[in-house]
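See below for the structure under consideration.
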Amino acid sequence: MSSDATSPAPFEFRSHFAPRPHISHVVFDFDGTLSWLRHGWPFLMVDLFAHQIPLLPGESPEQLAKLLLNDVLSLNGHPSVHQIKRLADLNLERGGPPADPHEKLVEYQRRLDEQLADRVGFIQHGQAHTEDYVIHGARALLEELQRRRLTLIILSGTQEARVREEARLLRLEPFFGRHIYGSHPEHREFSKRPVIERLLREENIEGAHLLAFGDGPVEISVTKDVGGLAVGIASDEHHNGSGQADPHKHAQLAAAGADVLMADYRDFETLLDRLFGPRPDSRSAAHE
């Protein structure tokens, strides 16, 4: 792929893909799917453990870091505590010094919040544009989906209050209205599955009416389980708009059953033509 943000990024339509002309509801993960404010978070998390976990015989530090990154991204879509616990368990399995997952989580959140505060400050003080922290092409896609009168939903493992605050900062909140859902500190076992199942009931739709975009395997597998169409966004954690699919995300999104794989939304018109197929004569038919 080219790193030129004006060149088209290829879409990878999997062999099981079939268009869905009657989609009425579109679910988006937030971080890495719409927002780039937290980009680089997997590397912050890996760095918490990379110098603590013992190497296996013949294993290089680079190989260990790659293993840890794969483990972290395999749980992308869950609250951060799940990844922290996985790395702490791996550390114990290898005979490393005990690590308190809660302490590691607090330290990870401190580092991430520090980085996030810098980026928010850049936007607020005019040192960066809002679009620098919106996944490339996402706003234009949302505008077109809104024009088609589809119901747009954010579903994130990040705390809901923070998702709402950051969606407001990035001027994304108006696209979603009341349909912004995230985790809550008092609910220790947040899961996207019951939220999606509840949405199907409350909106009186079937899975065939659901389209989901996400950069983690969790939302992809849940969408497929309920009969929806899933698009995996293997967004670049280093350069927004590079058109380069993250190889770790790409592999895990494919394994989770994504119908389509892509790096960003630069050629969304072509994407939507393929996703929806022939459009019904009446736009209201999308809500049947």
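Every chain in the structure tokens takes a letter, A first, then B, and so on in the order presented; its residues are numbered from 1, and the ligands are numbered from 1 following the presented order.
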
Could you pull out the residues in region 12-63 of chain A that DSSP calls strand (DSSP E) from the backbone, as JSON, numbers by chain?
{"A": [12, 13, 25, 26, 27, 28]}

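For region 199-214 of chain A, the list of residues within 8 Å, based on only C-alpha atoms and with local chain neighbours fewer than 5 positions off taken out, reads Arg20, His22, Ile23, Ser24, His25, Val26, Val27, Phe28, Asp29, Phe30, Gly32, Thr33, Glu219, Ile220, Thr223, Val226, Gly227, Gly228, Leu229, Ala230, Val231, Gly232 and Ile233 of chain A.
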
Can you check which residues of region 202-281 of chain A DSSP gives as helix (DSSP H, G or I) on the backbone and send them as a VMD selection string?
chain A and resid 202 207 to 209 217 to 225 247 to 255 268 to 276

With N, CA and C atoms kept, could you save the residues just selected as an mmCIF file, in the first residue's frame?
data_model
loop_
_atom_site.group_PDB
_atom_site.id
_atom_site.type_symbol
_atom_site.label_atom_id
_atom_site.label_comp_id
_atom_site.auth_asym_id
_atom_site.auth_seq_id
_atom_site.Cartn_x
_atom_site.Cartn_y
_atom_site.Cartn_z
ATOM 1 N N GLU A 202 -34.134 -3.928 21.403
ATOM 2 C CA GLU A 202 -34.734 -2.604 21.581
ATOM 3 C C GLU A 202 -35.043 -1.926 20.247
ATOM 4 N N GLY A 207 -30.077 -9.594 13.155
ATOM 5 C CA GLY A 207 -28.658 -9.421 12.879
ATOM 6 C C GLY A 207 -28.364 -9.066 11.438
ATOM 7 N N ALA A 208 -29.208 -9.503 10.525
ATOM 8 C CA ALA A 208 -28.993 -9.215 9.108
ATOM 9 C C ALA A 208 -29.079 -7.723 8.796
ATOM 10 N N HIS A 209 -29.644 -6.929 9.710
ATOM 11 C CA HIS A 209 -29.757 -5.486 9.510
ATOM 12 C C HIS A 209 -28.565 -4.729 10.114
ATOM 13 N N PRO A 217 -10.864 -7.989 17.479
ATOM 14 C CA PRO A 217 -11.590 -9.221 17.163
ATOM 15 C C PRO A 217 -12.883 -9.396 17.943
ATOM 16 N N VAL A 218 -13.023 -8.728 19.093
ATOM 17 C CA VAL A 218 -14.215 -8.926 19.924
ATOM 18 C C VAL A 218 -15.471 -8.488 19.186
ATOM 19 N N GLU A 219 -15.497 -7.243 18.708
ATOM 20 C CA GLU A 219 -16.707 -6.748 18.042
ATOM 21 C C GLU A 219 -16.962 -7.482 16.725
ATOM 22 N N ILE A 220 -15.889 -7.938 16.087
ATOM 23 C CA ILE A 220 -16.048 -8.680 14.835
ATOM 24 C C ILE A 220 -16.737 -10.015 15.101
ATOM 25 N N SER A 221 -16.249 -10.767 16.075
ATOM 26 C CA SER A 221 -16.820 -12.093 16.343
ATOM 27 C C SER A 221 -18.242 -11.995 16.869
ATOM 28 N N VAL A 222 -18.539 -11.000 17.711
ATOM 29 C CA VAL A 222 -19.894 -10.835 18.228
ATOM 30 C C VAL A 222 -20.852 -10.492 17.091
ATOM 31 N N THR A 223 -20.435 -9.596 16.206
ATOM 32 C CA THR A 223 -21.279 -9.224 15.066
ATOM 33 C C THR A 223 -21.580 -10.431 14.199
ATOM 34 N N LYS A 224 -20.575 -11.224 13.918
ATOM 35 C CA LYS A 224 -20.788 -12.416 13.101
ATOM 36 C C LYS A 224 -21.709 -13.408 13.812
ATOM 37 N N ASP A 225 -21.567 -13.538 15.122
ATOM 38 C CA ASP A 225 -22.397 -14.483 15.884
ATOM 39 C C ASP A 225 -23.881 -14.140 15.802
ATOM 40 N N PRO A 247 -0.291 -5.246 10.519
ATOM 41 C CA PRO A 247 -0.297 -6.693 10.240
ATOM 42 C C PRO A 247 -0.851 -7.537 11.378
ATOM 43 N N HIS A 248 -0.623 -7.128 12.626
ATOM 44 C CA HIS A 248 -1.138 -7.885 13.767
ATOM 45 C C HIS A 248 -2.668 -7.813 13.797
ATOM 46 N N LYS A 249 -3.194 -6.599 13.646
ATOM 47 C CA LYS A 249 -4.652 -6.439 13.618
ATOM 48 C C LYS A 249 -5.256 -7.197 12.440
ATOM 49 N N HIS A 250 -4.627 -7.072 11.282
ATOM 50 C CA HIS A 250 -5.150 -7.706 10.077
ATOM 51 C C HIS A 250 -5.325 -9.203 10.297
ATOM 52 N N ALA A 251 -4.301 -9.854 10.834
ATOM 53 C CA ALA A 251 -4.352 -11.302 11.036
ATOM 54 C C ALA A 251 -5.448 -11.687 12.027
ATOM 55 N N GLN A 252 -5.586 -10.921 13.110
ATOM 56 C CA GLN A 252 -6.562 -11.285 14.127
ATOM 57 C C GLN A 252 -7.987 -10.956 13.708
ATOM 58 N N LEU A 253 -8.167 -9.883 12.955
ATOM 59 C CA LEU A 253 -9.500 -9.557 12.445
ATOM 60 C C LEU A 253 -9.955 -10.600 11.427
ATOM 61 N N ALA A 254 -9.025 -11.067 10.608
ATOM 62 C CA ALA A 254 -9.355 -12.118 9.646
ATOM 63 C C ALA A 254 -9.749 -13.393 10.375
ATOM 64 N N ALA A 255 -8.984 -13.750 11.416
ATOM 65 C CA ALA A 255 -9.277 -14.964 12.173
ATOM 66 C C ALA A 255 -10.613 -14.869 12.893
ATOM 67 N N PHE A 268 -14.553 5.407 0.760
ATOM 68 C CA PHE A 268 -15.763 4.884 1.379
ATOM 69 C C PHE A 268 -16.905 4.705 0.390
ATOM 70 N N GLU A 269 -16.930 5.509 -0.687
ATOM 71 C CA GLU A 269 -18.014 5.339 -1.662
ATOM 72 C C GLU A 269 -17.969 3.947 -2.291
ATOM 73 N N THR A 270 -16.785 3.526 -2.704
ATOM 74 C CA THR A 270 -16.629 2.186 -3.269
ATOM 75 C C THR A 270 -16.975 1.131 -2.235
ATOM 76 N N LEU A 271 -16.538 1.361 -1.012
ATOM 77 C CA LEU A 271 -16.830 0.420 0.067
ATOM 78 C C LEU A 271 -18.330 0.244 0.240
ATOM 79 N N LEU A 272 -19.066 1.357 0.342
ATOM 80 C CA LEU A 272 -20.504 1.266 0.581
ATOM 81 C C LEU A 272 -21.232 0.637 -0.593
ATOM 82 N N ASP A 273 -20.782 0.922 -1.802
ATOM 83 C CA ASP A 273 -21.398 0.277 -2.970
ATOM 84 C C ASP A 273 -21.298 -1.238 -2.865
ATOM 85 N N ARG A 274 -20.164 -1.714 -2.389
ATOM 86 C CA ARG A 274 -19.979 -3.164 -2.260
ATOM 87 C C ARG A 274 -20.729 -3.724 -1.056
ATOM 88 N N LEU A 275 -20.722 -2.991 0.068
ATOM 89 C CA LEU A 275 -21.369 -3.496 1.284
ATOM 90 C C LEU A 275 -22.880 -3.629 1.118
ATOM 91 N N PHE A 276 -23.501 -2.599 0.518
ATOM 92 C CA PHE A 276 -24.956 -2.577 0.408
ATOM 93 C C PHE A 276 -25.464 -3.268 -0.846
#

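When only C-alpha atoms are used to compute distances to Leu75 (chain A), the closest of the residues A:Glu237, A:Asp264, A:Glu93, A:Asp215 turns out to be A:Asp215.
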
Could you tell me how far CA of Ser183 (chain A) sits from CA of Ile154 (chain A), in Å to one decimal place?
11.6 Å

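Of the residues listed (A:Asp236, A:Glu166, A:Glu144, A:Asp100), A:Asp236 shows the shortest atom-to-atom separation from Ala263 (chain A); distances use only C-alpha atoms.
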